[in-house]
Each structure stands twice: as C-alpha cells, then as structure tokens.
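Asks: Handing over my_file15.cif, mmCIF, C-alpha atoms; chains and numbers go by the auth columns.
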```cif
data_upload
#
loop_
_atom_site.group_PDB
_atom_site.id
_atom_site.type_symbol
_atom_site.label_atom_id
_atom_site.label_comp_id
_atom_site.label_asym_id
_atom_site.label_seq_id
_atom_site.Cartn_x
_atom_site.Cartn_y
_atom_site.Cartn_z
_atom_site.B_iso_or_equiv
_atom_site.auth_seq_id
_atom_site.auth_asym_id
ATOM 1 C CA MET A 1 -103.148 -254.159 5.121 0.00 26 L
ATOM 2 C CA ALA A 2 -106.224 -255.407 3.282 0.00 27 L
ATOM 3 C CA ARG A 3 -106.518 -259.167 2.813 0.00 28 L
ATOM 4 C CA ARG A 4 -105.188 -260.411 -0.516 0.00 29 L
ATOM 5 C CA ALA A 5 -107.966 -261.066 -3.016 0.00 30 L
ATOM 6 C CA LYS A 6 -108.320 -264.372 -4.832 0.00 31 L
ATOM 7 C CA LYS A 7 -107.044 -264.019 -8.372 0.00 32 L
ATOM 8 C CA SER A 8 -108.497 -265.649 -11.469 0.00 33 L
ATOM 9 C CA GLU A 9 -106.714 -268.893 -12.312 0.00 34 L
ATOM 10 C CA ASN A 10 -107.107 -268.567 -16.079 0.00 35 L
ATOM 11 C CA GLY A 11 -104.356 -265.980 -16.471 0.00 36 L
ATOM 12 C CA GLY A 12 -103.859 -263.547 -19.345 0.00 37 L
ATOM 13 C CA ARG A 13 -106.873 -261.505 -20.373 0.00 38 L
ATOM 14 C CA ASN A 14 -109.138 -263.066 -17.740 0.00 39 L
ATOM 15 C CA THR A 15 -106.716 -261.988 -15.018 0.00 40 L
ATOM 16 C CA PHE A 16 -106.735 -258.415 -16.345 0.00 41 L
ATOM 17 C CA GLN A 17 -110.542 -258.353 -16.451 0.00 42 L
ATOM 18 C CA TRP A 18 -110.620 -259.776 -12.919 0.00 43 L
ATOM 19 C CA LEU A 19 -108.229 -257.033 -11.783 0.00 44 L
ATOM 20 C CA GLN A 20 -110.379 -254.317 -13.365 0.00 45 L
ATOM 21 C CA ALA A 21 -113.440 -255.732 -11.621 0.00 46 L
ATOM 22 C CA GLN A 22 -111.608 -255.705 -8.279 0.00 47 L
ATOM 23 C CA LEU A 23 -110.421 -252.119 -8.793 0.00 48 L
ATOM 24 C CA GLY A 24 -113.895 -251.048 -9.914 0.00 49 L
ATOM 25 C CA GLU A 25 -115.370 -252.384 -6.697 0.00 50 L
ATOM 26 C CA LEU A 26 -112.632 -250.712 -4.647 0.00 51 L
ATOM 27 C CA ILE A 27 -113.232 -247.360 -6.337 0.00 52 L
ATOM 28 C CA SER A 28 -117.027 -247.573 -5.998 0.00 53 L
ATOM 29 C CA ASN A 29 -116.634 -248.269 -2.275 0.00 54 L
ATOM 30 C CA THR A 30 -114.306 -245.304 -1.747 0.00 55 L
ATOM 31 C CA ALA A 31 -115.787 -241.868 -1.108 0.00 56 L
ATOM 32 C CA PRO A 32 -115.004 -239.127 -3.669 0.00 57 L
ATOM 33 C CA GLY A 33 -112.007 -237.145 -2.493 0.00 58 L
ATOM 34 C CA ASP A 34 -110.464 -240.041 -0.554 0.00 59 L
ATOM 35 C CA ARG A 35 -107.097 -241.489 -1.490 0.00 60 L
ATOM 36 C CA LEU A 36 -106.747 -245.073 -2.643 0.00 61 L
ATOM 37 C CA THR A 37 -104.225 -247.497 -1.193 0.00 62 L
ATOM 38 C CA ALA A 38 -100.735 -246.916 -2.643 0.00 63 L
ATOM 39 C CA GLU A 39 -99.941 -248.754 -5.884 0.00 64 L
ATOM 40 C CA PRO A 40 -97.219 -251.047 -4.420 0.00 65 L
ATOM 41 C CA GLU A 41 -99.664 -252.255 -1.761 0.00 66 L
ATOM 42 C CA LEU A 42 -102.474 -252.729 -4.284 0.00 67 L
ATOM 43 C CA ALA A 43 -100.180 -254.710 -6.596 0.00 68 L
ATOM 44 C CA GLN A 44 -99.173 -256.951 -3.702 0.00 69 L
ATOM 45 C CA MET A 45 -102.746 -257.315 -2.501 0.00 70 L
ATOM 46 C CA TYR A 46 -103.990 -258.419 -5.937 0.00 71 L
ATOM 47 C CA GLY A 47 -100.891 -260.449 -6.790 0.00 72 L
ATOM 48 C CA VAL A 48 -100.020 -258.552 -9.987 0.00 73 L
ATOM 49 C CA SER A 49 -97.086 -256.468 -11.193 0.00 74 L
ATOM 50 C CA ARG A 50 -97.163 -252.700 -10.780 0.00 75 L
ATOM 51 C CA ALA A 51 -97.104 -252.351 -14.583 0.00 76 L
ATOM 52 C CA THR A 52 -100.272 -254.464 -14.869 0.00 77 L
ATOM 53 C CA LEU A 53 -101.895 -252.514 -12.060 0.00 78 L
ATOM 54 C CA ARG A 54 -101.110 -249.158 -13.700 0.00 79 L
ATOM 55 C CA GLU A 55 -102.541 -250.368 -17.014 0.00 80 L
ATOM 56 C CA ALA A 56 -105.783 -251.391 -15.298 0.00 81 L
ATOM 57 C CA MET A 57 -105.932 -248.092 -13.406 0.00 82 L
ATOM 58 C CA ARG A 58 -105.697 -246.130 -16.658 0.00 83 L
ATOM 59 C CA THR A 59 -109.149 -247.398 -17.612 0.00 84 L
ATOM 60 C CA PHE A 60 -110.704 -245.676 -14.600 0.00 85 L
ATOM 61 C CA GLU A 61 -108.536 -242.616 -15.071 0.00 86 L
ATOM 62 C CA GLY A 62 -109.770 -242.349 -18.652 0.00 87 L
ATOM 63 C CA GLN A 63 -113.354 -242.467 -17.360 0.00 88 L
ATOM 64 C CA GLY A 64 -112.578 -239.598 -15.002 0.00 89 L
ATOM 65 C CA LEU A 65 -113.274 -241.735 -11.909 0.00 90 L
ATOM 66 C CA ILE A 66 -109.817 -241.355 -10.385 0.00 91 L
ATOM 67 C CA ARG A 67 -106.962 -238.855 -10.511 0.00 92 L
ATOM 68 C CA ARG A 68 -103.295 -239.606 -10.001 0.00 93 L
ATOM 69 C CA ARG A 69 -101.482 -236.668 -8.440 0.00 94 L
ATOM 70 C CA GLN A 70 -97.703 -236.472 -8.670 0.00 95 L
ATOM 71 C CA GLY A 71 -96.161 -237.350 -5.323 0.00 96 L
ATOM 72 C CA LEU A 72 -99.531 -237.470 -3.541 0.00 97 L
ATOM 73 C CA GLY A 73 -101.208 -240.663 -4.738 0.00 98 L
ATOM 74 C CA THR A 74 -104.438 -241.639 -6.481 0.00 99 L
ATOM 75 C CA TYR A 75 -107.745 -240.047 -5.478 0.00 100 L
ATOM 76 C CA VAL A 76 -111.329 -241.044 -6.234 0.00 101 L
ATOM 77 C CA VAL A 77 -113.316 -238.444 -8.157 0.00 102 L
ATOM 78 C CA GLY A 78 -116.687 -240.162 -8.463 0.00 103 L
ATOM 79 C CA HIS A 79 -118.846 -239.683 -11.541 0.00 104 L
ATOM 80 C CA PRO A 80 -117.924 -236.272 -13.004 0.00 105 L
ATOM 81 C CA LEU A 81 -120.132 -234.282 -15.326 0.00 106 L
ATOM 82 C CA VAL A 82 -118.982 -234.684 -18.914 0.00 107 L
ATOM 83 C CA LEU A 83 -118.478 -231.777 -21.321 0.00 108 L
ATOM 84 C CA GLU A 84 -119.769 -233.047 -24.656 0.00 109 L
ATOM 85 C CA SER A 85 -119.589 -231.481 -28.109 0.00 110 L
ATOM 86 C CA GLY A 86 -119.781 -232.333 -31.785 0.00 111 L
ATOM 87 C CA LEU A 87 -116.514 -231.773 -33.615 0.00 112 L
ATOM 88 C CA GLU A 88 -118.331 -230.033 -36.442 0.00 113 L
ATOM 89 C CA VAL A 89 -119.029 -227.069 -34.125 0.00 114 L
ATOM 90 C CA LEU A 90 -116.306 -224.965 -32.468 0.00 115 L
ATOM 91 C CA GLN A 91 -117.315 -223.974 -28.932 0.00 116 L
ATOM 92 C CA SER A 92 -115.392 -222.882 -25.869 0.00 117 L
ATOM 93 C CA ILE A 93 -115.226 -224.890 -22.664 0.00 118 L
ATOM 94 C CA GLU A 94 -117.215 -222.114 -20.968 0.00 119 L
ATOM 95 C CA THR A 95 -120.027 -222.460 -23.503 0.00 120 L
ATOM 96 C CA LEU A 96 -120.135 -226.242 -23.105 0.00 121 L
ATOM 97 C CA ALA A 97 -120.126 -225.944 -19.315 0.00 122 L
ATOM 98 C CA ARG A 98 -123.044 -223.505 -19.272 0.00 123 L
ATOM 99 C CA LYS A 99 -125.186 -226.089 -21.072 0.00 124 L
ATOM 100 C CA ILE A 100 -124.927 -228.479 -18.124 0.00 125 L
ATOM 101 C CA ASN A 101 -124.698 -225.833 -15.382 0.00 126 L
ATOM 102 C CA LEU A 102 -121.106 -226.743 -14.580 0.00 127 L
ATOM 103 C CA SER A 103 -118.940 -224.195 -12.815 0.00 128 L
ATOM 104 C CA VAL A 104 -115.887 -223.190 -14.867 0.00 129 L
ATOM 105 C CA SER A 105 -113.035 -220.897 -13.899 0.00 130 L
ATOM 106 C CA MET A 106 -109.526 -220.029 -15.016 0.00 131 L
ATOM 107 C CA GLY A 107 -106.524 -221.156 -12.995 0.00 132 L
ATOM 108 C CA ASP A 108 -102.909 -220.193 -13.635 0.00 133 L
ATOM 109 C CA LEU A 109 -102.502 -217.707 -16.493 0.00 134 L
ATOM 110 C CA GLU A 110 -99.307 -216.761 -18.337 0.00 135 L
ATOM 111 C CA ILE A 111 -99.139 -214.141 -21.080 0.00 136 L
ATOM 112 C CA LYS A 112 -95.825 -214.053 -22.900 0.00 137 L
ATOM 113 C CA ARG A 113 -94.319 -212.590 -26.066 0.00 138 L
ATOM 114 C CA VAL A 114 -92.562 -215.193 -28.227 0.00 139 L
ATOM 115 C CA GLU A 115 -90.708 -215.044 -31.536 0.00 140 L
ATOM 116 C CA ALA A 116 -92.692 -216.243 -34.544 0.00 141 L
ATOM 117 C CA SER A 117 -91.490 -219.413 -36.241 0.00 142 L
ATOM 118 C CA PRO A 118 -90.636 -219.372 -39.981 0.00 143 L
ATOM 119 C CA GLU A 119 -93.952 -221.159 -40.707 0.00 144 L
ATOM 120 C CA GLN A 120 -95.912 -218.618 -38.680 0.00 145 L
ATOM 121 C CA ILE A 121 -94.141 -215.702 -40.379 0.00 146 L
ATOM 122 C CA VAL A 122 -95.273 -216.976 -43.786 0.00 147 L
ATOM 123 C CA GLU A 123 -98.846 -217.907 -42.792 0.00 148 L
ATOM 124 C CA LEU A 124 -99.433 -214.713 -40.820 0.00 149 L
ATOM 125 C CA ASN A 125 -97.623 -212.480 -43.323 0.00 150 L
ATOM 126 C CA LEU A 126 -95.273 -211.109 -40.672 0.00 151 L
ATOM 127 C CA SER A 127 -91.842 -209.557 -40.959 0.00 152 L
ATOM 128 C CA ASP A 128 -88.737 -211.486 -39.885 0.00 153 L
ATOM 129 C CA GLY A 129 -88.203 -211.339 -36.129 0.00 154 L
ATOM 130 C CA ALA A 130 -91.853 -210.508 -35.427 0.00 155 L
ATOM 131 C CA SER A 131 -93.221 -211.520 -32.047 0.00 156 L
ATOM 132 C CA LEU A 132 -96.479 -213.218 -31.133 0.00 157 L
ATOM 133 C CA LEU A 133 -98.558 -213.269 -27.982 0.00 158 L
ATOM 134 C CA ARG A 134 -98.778 -216.656 -26.250 0.00 159 L
ATOM 135 C CA VAL A 135 -101.618 -217.127 -23.771 0.00 160 L
ATOM 136 C CA THR A 136 -101.257 -220.205 -21.552 0.00 161 L
ATOM 137 C CA ARG A 137 -103.794 -221.094 -18.879 0.00 162 L
ATOM 138 C CA VAL A 138 -105.404 -223.884 -16.906 0.00 163 L
ATOM 139 C CA ILE A 139 -109.175 -224.361 -16.951 0.00 164 L
ATOM 140 C CA LEU A 140 -110.927 -225.633 -13.835 0.00 165 L
ATOM 141 C CA THR A 141 -114.338 -227.212 -13.344 0.00 166 L
ATOM 142 C CA ASP A 142 -115.513 -227.252 -9.740 0.00 167 L
ATOM 143 C CA ASN A 143 -111.977 -226.123 -8.795 0.00 168 L
ATOM 144 C CA ARG A 144 -110.412 -229.175 -10.494 0.00 169 L
ATOM 145 C CA PRO A 145 -107.934 -228.765 -13.391 0.00 170 L
ATOM 146 C CA VAL A 146 -109.382 -230.357 -16.538 0.00 171 L
ATOM 147 C CA ALA A 147 -107.700 -228.594 -19.472 0.00 172 L
ATOM 148 C CA TYR A 148 -104.418 -226.912 -20.370 0.00 173 L
ATOM 149 C CA LEU A 149 -104.799 -224.370 -23.184 0.00 174 L
ATOM 150 C CA VAL A 150 -102.192 -222.531 -25.237 0.00 175 L
ATOM 151 C CA ASP A 151 -103.114 -219.898 -27.847 0.00 176 L
ATOM 152 C CA THR A 152 -100.549 -218.034 -29.952 0.00 177 L
ATOM 153 C CA LEU A 153 -101.694 -214.948 -31.873 0.00 178 L
ATOM 154 C CA PRO A 154 -100.228 -211.908 -33.677 0.00 179 L
ATOM 155 C CA GLU A 155 -100.156 -208.901 -31.359 0.00 180 L
ATOM 156 C CA HIS A 156 -102.212 -206.872 -33.816 0.00 181 L
ATOM 157 C CA ILE A 157 -105.002 -209.437 -33.309 0.00 182 L
ATOM 158 C CA LEU A 158 -104.791 -209.569 -29.512 0.00 183 L
ATOM 159 C CA SER A 159 -102.626 -207.568 -27.126 0.00 184 L
ATOM 160 C CA ALA A 160 -101.594 -208.291 -23.554 0.00 185 L
ATOM 161 C CA GLU A 161 -103.261 -205.065 -22.451 0.00 186 L
ATOM 162 C CA GLU A 162 -106.652 -206.246 -23.727 0.00 187 L
ATOM 163 C CA LEU A 163 -106.448 -209.312 -21.498 0.00 188 L
ATOM 164 C CA GLU A 164 -105.755 -207.368 -18.319 0.00 189 L
ATOM 165 C CA GLY A 165 -109.447 -207.179 -17.535 0.00 190 L
ATOM 166 C CA GLY A 166 -112.428 -209.345 -18.407 0.00 191 L
ATOM 167 C CA PHE A 167 -110.535 -212.366 -19.732 0.00 192 L
ATOM 168 C CA THR A 168 -111.997 -215.543 -18.250 0.00 193 L
ATOM 169 C CA GLY A 169 -109.999 -218.154 -20.160 0.00 194 L
ATOM 170 C CA SER A 170 -111.460 -218.464 -23.677 0.00 195 L
ATOM 171 C CA VAL A 171 -109.627 -216.629 -26.450 0.00 196 L
ATOM 172 C CA LEU A 172 -112.368 -217.739 -28.856 0.00 197 L
ATOM 173 C CA ASP A 173 -115.130 -216.177 -26.761 0.00 198 L
ATOM 174 C CA PHE A 174 -113.044 -213.030 -26.228 0.00 199 L
ATOM 175 C CA LEU A 175 -112.600 -212.510 -29.987 0.00 200 L
ATOM 176 C CA LEU A 176 -116.228 -213.381 -30.766 0.00 201 L
ATOM 177 C CA LYS A 177 -117.488 -210.889 -28.187 0.00 202 L
ATOM 178 C CA ARG A 178 -115.186 -208.209 -29.566 0.00 203 L
ATOM 179 C CA GLY A 179 -116.484 -208.936 -33.073 0.00 204 L
ATOM 180 C CA ASN A 180 -113.214 -208.322 -34.847 0.00 205 L
ATOM 181 C CA PRO A 181 -111.815 -210.094 -36.802 0.00 206 L
ATOM 182 C CA GLN A 182 -114.738 -212.088 -38.162 0.00 207 L
ATOM 183 C CA LEU A 183 -114.055 -215.755 -37.397 0.00 208 L
ATOM 184 C CA THR A 184 -115.460 -218.462 -39.638 0.00 209 L
ATOM 185 C CA SER A 185 -113.662 -221.803 -39.256 0.00 210 L
ATOM 186 C CA SER A 186 -111.029 -223.860 -37.508 0.00 211 L
ATOM 187 C CA LEU A 187 -108.840 -226.716 -38.766 0.00 212 L
ATOM 188 C CA ALA A 188 -107.791 -229.111 -36.004 0.00 213 L
ATOM 189 C CA ASP A 189 -105.535 -232.143 -35.748 0.00 214 L
ATOM 190 C CA ILE A 190 -106.605 -234.503 -32.939 0.00 215 L
ATOM 191 C CA GLN A 191 -104.406 -237.067 -31.245 0.00 216 L
ATOM 192 C CA ALA A 192 -103.635 -238.744 -27.937 0.00 217 L
ATOM 193 C CA VAL A 193 -100.410 -237.523 -26.328 0.00 218 L
ATOM 194 C CA LEU A 194 -98.456 -238.154 -23.151 0.00 219 L
ATOM 195 C CA ALA A 195 -98.422 -235.344 -20.601 0.00 220 L
ATOM 196 C CA SER A 196 -95.119 -233.501 -20.300 0.00 221 L
ATOM 197 C CA SER A 197 -93.811 -232.631 -16.847 0.00 222 L
ATOM 198 C CA THR A 198 -95.035 -229.028 -17.242 0.00 223 L
ATOM 199 C CA ILE A 199 -98.570 -229.994 -18.272 0.00 224 L
ATOM 200 C CA ALA A 200 -98.745 -232.820 -15.727 0.00 225 L
ATOM 201 C CA LYS A 201 -97.890 -230.402 -12.928 0.00 226 L
ATOM 202 C CA ALA A 202 -100.487 -227.896 -14.124 0.00 227 L
ATOM 203 C CA LEU A 203 -103.228 -230.544 -14.368 0.00 228 L
ATOM 204 C CA GLU A 204 -102.137 -232.309 -11.156 0.00 229 L
ATOM 205 C CA ILE A 205 -101.597 -235.634 -12.896 0.00 230 L
ATOM 206 C CA GLN A 206 -98.636 -237.951 -13.497 0.00 231 L
ATOM 207 C CA ARG A 207 -96.067 -237.207 -16.191 0.00 232 L
ATOM 208 C CA GLY A 208 -96.744 -239.558 -19.097 0.00 233 L
ATOM 209 C CA ASP A 209 -100.492 -239.809 -18.473 0.00 234 L
ATOM 210 C CA VAL A 210 -102.552 -239.827 -21.667 0.00 235 L
ATOM 211 C CA LEU A 211 -104.289 -236.610 -22.726 0.00 236 L
ATOM 212 C CA LEU A 212 -106.440 -235.691 -25.716 0.00 237 L
ATOM 213 C CA MET A 213 -104.774 -232.883 -27.689 0.00 238 L
ATOM 214 C CA PHE A 214 -106.336 -230.588 -30.291 0.00 239 L
ATOM 215 C CA SER A 215 -103.802 -228.676 -32.383 0.00 240 L
ATOM 216 C CA ALA A 216 -105.730 -226.077 -34.364 0.00 241 L
ATOM 217 C CA LYS A 217 -105.638 -223.010 -36.572 0.00 242 L
ATOM 218 C CA LEU A 218 -108.406 -220.401 -36.431 0.00 243 L
ATOM 219 C CA PHE A 219 -109.382 -218.674 -39.678 0.00 244 L
ATOM 220 C CA THR A 220 -111.147 -215.419 -40.576 0.00 245 L
ATOM 221 C CA ALA A 221 -113.669 -214.925 -43.364 0.00 246 L
ATOM 222 C CA THR A 222 -110.786 -213.955 -45.688 0.00 247 L
ATOM 223 C CA GLY A 223 -108.828 -217.140 -44.925 0.00 248 L
ATOM 224 C CA GLU A 224 -106.323 -215.435 -42.644 0.00 249 L
ATOM 225 C CA VAL A 225 -104.869 -217.522 -39.792 0.00 250 L
ATOM 226 C CA VAL A 226 -105.232 -215.535 -36.572 0.00 251 L
ATOM 227 C CA ASP A 227 -104.623 -218.127 -33.862 0.00 252 L
ATOM 228 C CA TYR A 228 -102.570 -221.253 -33.322 0.00 253 L
ATOM 229 C CA SER A 229 -103.806 -223.297 -30.375 0.00 254 L
ATOM 230 C CA GLN A 230 -102.899 -226.460 -28.504 0.00 255 L
ATOM 231 C CA SER A 231 -105.598 -227.722 -26.162 0.00 256 L
ATOM 232 C CA TYR A 232 -104.939 -230.610 -23.785 0.00 257 L
ATOM 233 C CA PHE A 233 -108.009 -232.289 -22.241 0.00 258 L
ATOM 234 C CA LEU A 234 -108.317 -234.798 -19.423 0.00 259 L
ATOM 235 C CA PRO A 235 -110.031 -237.981 -20.644 0.00 260 L
ATOM 236 C CA GLY A 236 -113.267 -238.724 -18.845 0.00 261 L
ATOM 237 C CA THR A 237 -114.188 -235.049 -18.530 0.00 262 L
ATOM 238 C CA PHE A 238 -114.597 -234.394 -22.266 0.00 263 L
ATOM 239 C CA ARG A 239 -116.466 -236.359 -24.905 0.00 264 L
ATOM 240 C CA PHE A 240 -116.429 -235.389 -28.584 0.00 265 L
ATOM 241 C CA HIS A 241 -118.481 -236.892 -31.386 0.00 266 L
ATOM 242 C CA VAL A 242 -118.657 -236.538 -35.171 0.00 267 L
ATOM 243 C CA VAL A 243 -121.748 -236.383 -37.374 0.00 268 L
ATOM 244 C CA ARG A 244 -120.913 -238.107 -40.676 0.00 269 L
ATOM 245 C CA ARG A 245 -123.000 -238.209 -43.835 0.00 270 L
ATOM 246 C CA VAL A 246 -123.360 -241.259 -46.036 0.00 271 L
ATOM 247 C CA GLU A 247 -121.600 -241.003 -49.396 0.00 272 L
ATOM 248 C CA THR A 248 -124.427 -241.974 -51.770 0.00 273 L
ATOM 249 C CA ASP A 249 -122.227 -241.738 -54.888 0.00 274 L
ATOM 250 C CA GLN A 250 -120.102 -244.545 -53.499 0.00 275 L
ATOM 251 C CA LEU A 251 -123.181 -246.724 -53.025 0.00 276 L
ATOM 252 C CA ARG A 252 -124.296 -246.118 -56.625 0.00 277 L
ATOM 253 C CA THR A 253 -120.810 -247.082 -57.845 0.00 278 L
ATOM 254 C CA VAL A 254 -120.875 -250.334 -55.869 0.00 279 L
ATOM 255 C CA ASN A 255 -124.337 -251.241 -57.188 0.00 280 L
ATOM 256 C CA GLY A 256 -123.315 -250.457 -60.725 0.00 281 L
#
```
Would you write out, as structure tokens, the structure that this file holds?

Replies:
Amino acid sequence: MARRAKKSENGGRNTFQWLQAQLGELISNTAPGDRLTAEPELAQMYGVSRATLREAMRTFEGQGLIRRRQGLGTYVVGHPLVLESGLEVLQSIETLARKINLSVSMGDLEIKRVEASPEQIVELNLSDGASLLRVTRVILTDNRPVAYLVDTLPEHILSAEELEGGFTGSVLDFLLKRGNPQLTSSLADIQAVLASSTIAKALEIQRGDVLLMFSAKLFTATGEVVDYSQSYFLPGTFRFHVVRRVETDQLRTVNG
C-alpha cells in the first residue's frame, strides 16, 4: 500500500484543497486507461472519510479526467477533447465533433413505440391512444460513452423503417438532411441531474453521478412541435456558453 500522505493541519476547507491537490498529482502521474487505487484505500491513505474523498473526486470527474465505472473502479482518462457550442445555436454532437476532428459513433440503439401522454396528445394534435416513436441511443467519442440521447416523435414525422439504414445517431441531422418538415427553433430546459441506474449503466458511470441534461422541444416553421428530447451529457466532455446582449434600456432607466 502507498505510504500515507501528510495531511494539512488547518482542517476544513484547507484539508479539502490539500486533498484535491494530492488527488490531482496522483491522477497526473497515472497513465490514461490505468485504474486508480480503490476508494477505501485512498481514503485511508489520505486520512479522510470516503464521503470527503468522493466529493473531491467529483471535481476531476467533472473535468473529464477520470471515469468511475460501476463495479470496476475509477480510471484515468487524461485530457479529453471538449465539444463546445453556444446555446444560441442548435447543433448535433456529430457536427460539433467534426469541427475538432473527433471521432463520433453510435453505441446501443433502441427504437420503440410508446403511448403519447395527455400533454403530447394536445401539443401534437393527436388522437387519444396515439403512439409515438422513441429513439434511445448512446453516443461514443473515441469508443467512449459520452452522451445518452432520447428523442420522442410522432410516427408521421419519423418512422422506424426510415431509421433502418443510414441513421448515425442524430435525429436532428436526419430530419435536416431529409428537408421535411422545415425546422426553425428549439426550446430547452437545462439542469444538472443524477444518473439513474439505466443511464449510468449505458454511460459506464456510477448511479447518482451528476450529468448535464437538456430537455427540449423542436419546432417547425409553423410552430408545430415535432420532437421531444432528453439529452444527458457527461461533464468535462461538453462545454456550452451563452452570448448575452446588454439591455441598454435598463441603463437609460438607471441613469434617469
């Protein structure tokens, strides 16, 4: 077992910062793809609780430097390429990846018919009991799961038969290439969520790990909703930014 490191004597926040520094050095000295020492041993080595250790590890997980795999341990990733986009522009993961020459592929794919909810029946102008097509898949970069995507659409917009050939993972790109219907905008709600057991297994992470989730509706030029989507992204692999304009009327009001 590695020799126990000397812990900061100031306690509290200084101890946590000391722990992060120790873990950062450990990770930087571990080759990408190698597994780190098990959490119980690390906690003992650094003289901290496992809860404190996990909290410190989340920082590096959020940066995409490590991955915790259910039942297998924590692995060093290194410095991954980051997929970056402005939130004012809707682009697929494939489009973002091409900009930085990052290899993207589709992992597990499930296409399933599901019953429309009362809200979806009203918004999509469907009859009672109508079914929708749900497309669930995992997106990989360099053969590593980085996103879990779920799109739900009316079958008159997209059928299972259309996806039997040529579908590479992006419903947005598929519809844009087809050219019908004409898509114009998307309204998304963004929040941090904890990975469910199903999503954690698909992304090869721990249940309860934090993910960035986009819950969105896709609109046509006539205002019709044609797609409900939930997109779950691994932190550290994706970076989104917002361009905001200054409200000059507010400044004039303040200045009188």

Asks: Compare L:Ala227, L:Leu112, L:Thr177, L:Pro170 by their minimum atom-to-atom distance to Arg269 (chain L), counting all atoms listed in the file, and give me the closest one.

Replies: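 Once distances to Arg269 (chain L) are computed over all atoms listed in the file, the minimum belongs to L:Leu112.
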
Asks: Would you kindly translate the PyMOL selection byres ((chain L and resi 252-259) around 9) into the concrete residues it picks from this file, as a PyMOL selection string?

Replies: chain L and resi 86-87+89+145+170-179+182+218+220+224+228+235-244+250-251+260-263

Asks: Tell me which of L:Asp198, L:Glu66, L:Asp234, L:Glu189 sits closest to Glu135 (chain L), counting all atoms listed in the file.

Replies: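 For Glu135 (chain L), the nearest of the candidates is L:Glu189.
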
Asks: One decimal, Å: what's the distance from CA of Arg270 (chain L) over to CA of Gln207 (chain L), could you say?

Replies: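 Result for CA of Arg270 (chain L) versus CA of Gln207 (chain L): 28.0 Å, one decimal.
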
Asks: Between L:Gly248, L:Ser128, L:Arg232, L:Thr40, single out the one closest to Ser210 (chain L), counting all atoms listed in the file.

Replies: L:Gly248

Asks: Measuring atom to atom with all atoms listed in the file, identify which of L:Leu121, L:Ala56, L:Leu188, L:Val196 is nearest to Val101 (chain L).

Replies: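 Under the stated criterion, the closest residue is L:Ala56.
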
Asks: For CA of Arg264 (chain L) and CA of Leu44 (chain L), determine how far apart the two atoms are, in Å to one decimal place.

Replies: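 The value is 25.8 Å.
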
Asks: Nearest residue to Thr62 (chain L) out of L:Phe41, L:Phe85, L:Phe199, L:Tyr100, using all atoms listed in the file?

Replies: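 Between L:Phe41, L:Phe85, L:Phe199, L:Tyr100, the residue approaching Thr62 (chain L) most closely is L:Tyr100.
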
Asks: Suppose you want the space between CA of Arg60 (chain L) and CA of Val107 (chain L); what is it in Å?

Replies: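 According to the coordinates, CA of Arg60 (chain L) and CA of Val107 (chain L) are separated by 22.2 Å.
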
Asks: With distances taken over only C-alpha atoms, which of L:Gln231, L:Gln42, L:Ser110, L:Ser184 is nearest to Ile136 (chain L)?

Replies: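 Distance minimum relative to Ile136 (chain L) lands on L:Ser184.
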
Asks: When the PyMOL selection byres ((chain L and resi 130) around 9) is applied to the structure above, which residues does it catch, written out as a ChimeraX atom specification?

Replies: /L:119,128-129,131-132,163-168,193-194

Asks: Excluding Gln45 (chain L) and any residue of its chain fewer than 6 positions from it, enumerate the residues within 9 Å of it, using all atoms listed in the file, and give them as a PyMOL selection string.

Replies: chain L and resi 78+81-82+84-85

Asks: Within 12 Å of His181 (chain L), counting all atoms listed in the file, which residues qualify if same-chain residues fewer than 6 places away don't, as a ChimeraX atom specification?

Replies: /L:149-151,155-158,187,205-206,251-252

Asks: Please report, as lines of an AutoDock Vina configuration file, the centre and edge lengths in Å to one decimal of an axis-aligned box covering all listed atoms of region 47-63 of chain L with 6 Å per side.

Replies:
```
center_x = -108.9
center_y = -246.4
center_z = -5.2
size_x = 28.3
size_y = 30.6
size_z = 21.4
```

Asks: Since the input lacks atoms, please generate N, CA and C atoms for region 260-272 of chain L and provide them as a PDB file, in the frame of the given file.

Replies:
```
ATOM      1  N   PRO L 260    -109.018-236.992 -20.250  1.00  0.00           N
ATOM      2  CA  PRO L 260    -110.031-237.981 -20.644  1.00  0.00           C
ATOM      3  C   PRO L 260    -111.024-238.189 -19.504  1.00  0.00           C
ATOM      4  N   GLY L 261    -112.242-238.504 -19.866  1.00  0.00           N
ATOM      5  CA  GLY L 261    -113.267-238.724 -18.845  1.00  0.00           C
ATOM      6  C   GLY L 261    -114.073-237.479 -18.547  1.00  0.00           C
ATOM      7  N   THR L 262    -113.484-236.310 -18.760  1.00  0.00           N
ATOM      8  CA  THR L 262    -114.188-235.049 -18.530  1.00  0.00           C
ATOM      9  C   THR L 262    -114.771-234.512 -19.834  1.00  0.00           C
ATOM     10  N   PHE L 263    -114.156-234.877 -20.955  1.00  0.00           N
ATOM     11  CA  PHE L 263    -114.597-234.394 -22.266  1.00  0.00           C
ATOM     12  C   PHE L 263    -114.973-235.563 -23.158  1.00  0.00           C
ATOM     13  N   ARG L 264    -116.045-235.360 -23.927  1.00  0.00           N
ATOM     14  CA  ARG L 264    -116.466-236.359 -24.905  1.00  0.00           C
ATOM     15  C   ARG L 264    -116.830-235.632 -26.198  1.00  0.00           C
ATOM     16  N   PHE L 265    -116.186-236.017 -27.284  1.00  0.00           N
ATOM     17  CA  PHE L 265    -116.429-235.389 -28.584  1.00  0.00           C
ATOM     18  C   PHE L 265    -116.996-236.417 -29.545  1.00  0.00           C
ATOM     19  N   HIS L 266    -117.909-235.985 -30.406  1.00  0.00           N
ATOM     20  CA  HIS L 266    -118.481-236.892 -31.386  1.00  0.00           C
ATOM     21  C   HIS L 266    -118.517-236.209 -32.757  1.00  0.00           C
ATOM     22  N   VAL L 267    -118.654-237.034 -33.790  1.00  0.00           N
ATOM     23  CA  VAL L 267    -118.657-236.538 -35.171  1.00  0.00           C
ATOM     24  C   VAL L 267    -119.930-236.984 -35.863  1.00  0.00           C
ATOM     25  N   VAL L 268    -120.596-236.061 -36.534  1.00  0.00           N
ATOM     26  CA  VAL L 268    -121.748-236.383 -37.374  1.00  0.00           C
ATOM     27  C   VAL L 268    -121.232-236.589 -38.793  1.00  0.00           C
ATOM     28  N   ARG L 269    -121.442-237.784 -39.353  1.00  0.00           N
ATOM     29  CA  ARG L 269    -120.913-238.107 -40.676  1.00  0.00           C
ATOM     30  C   ARG L 269    -122.062-238.431 -41.632  1.00  0.00           C
ATOM     31  N   ARG L 270    -121.962-237.933 -42.849  1.00  0.00           N
ATOM     32  CA  ARG L 270    -123.000-238.209 -43.835  1.00  0.00           C
ATOM     33  C   ARG L 270    -122.612-239.415 -44.674  1.00  0.00           C
ATOM     34  N   VAL L 271    -123.590-240.095 -45.187  1.00  0.00           N
ATOM     35  CA  VAL L 271    -123.360-241.259 -46.036  1.00  0.00           C
ATOM     36  C   VAL L 271    -123.038-240.795 -47.452  1.00  0.00           C
ATOM     37  N   GLU L 272    -121.994-241.349 -48.036  1.00  0.00           N
ATOM     38  CA  GLU L 272    -121.600-241.003 -49.396  1.00  0.00           C
ATOM     39  C   GLU L 272    -122.435-241.833 -50.374  1.00  0.00           C
TER      40      GLU L 272
END
```
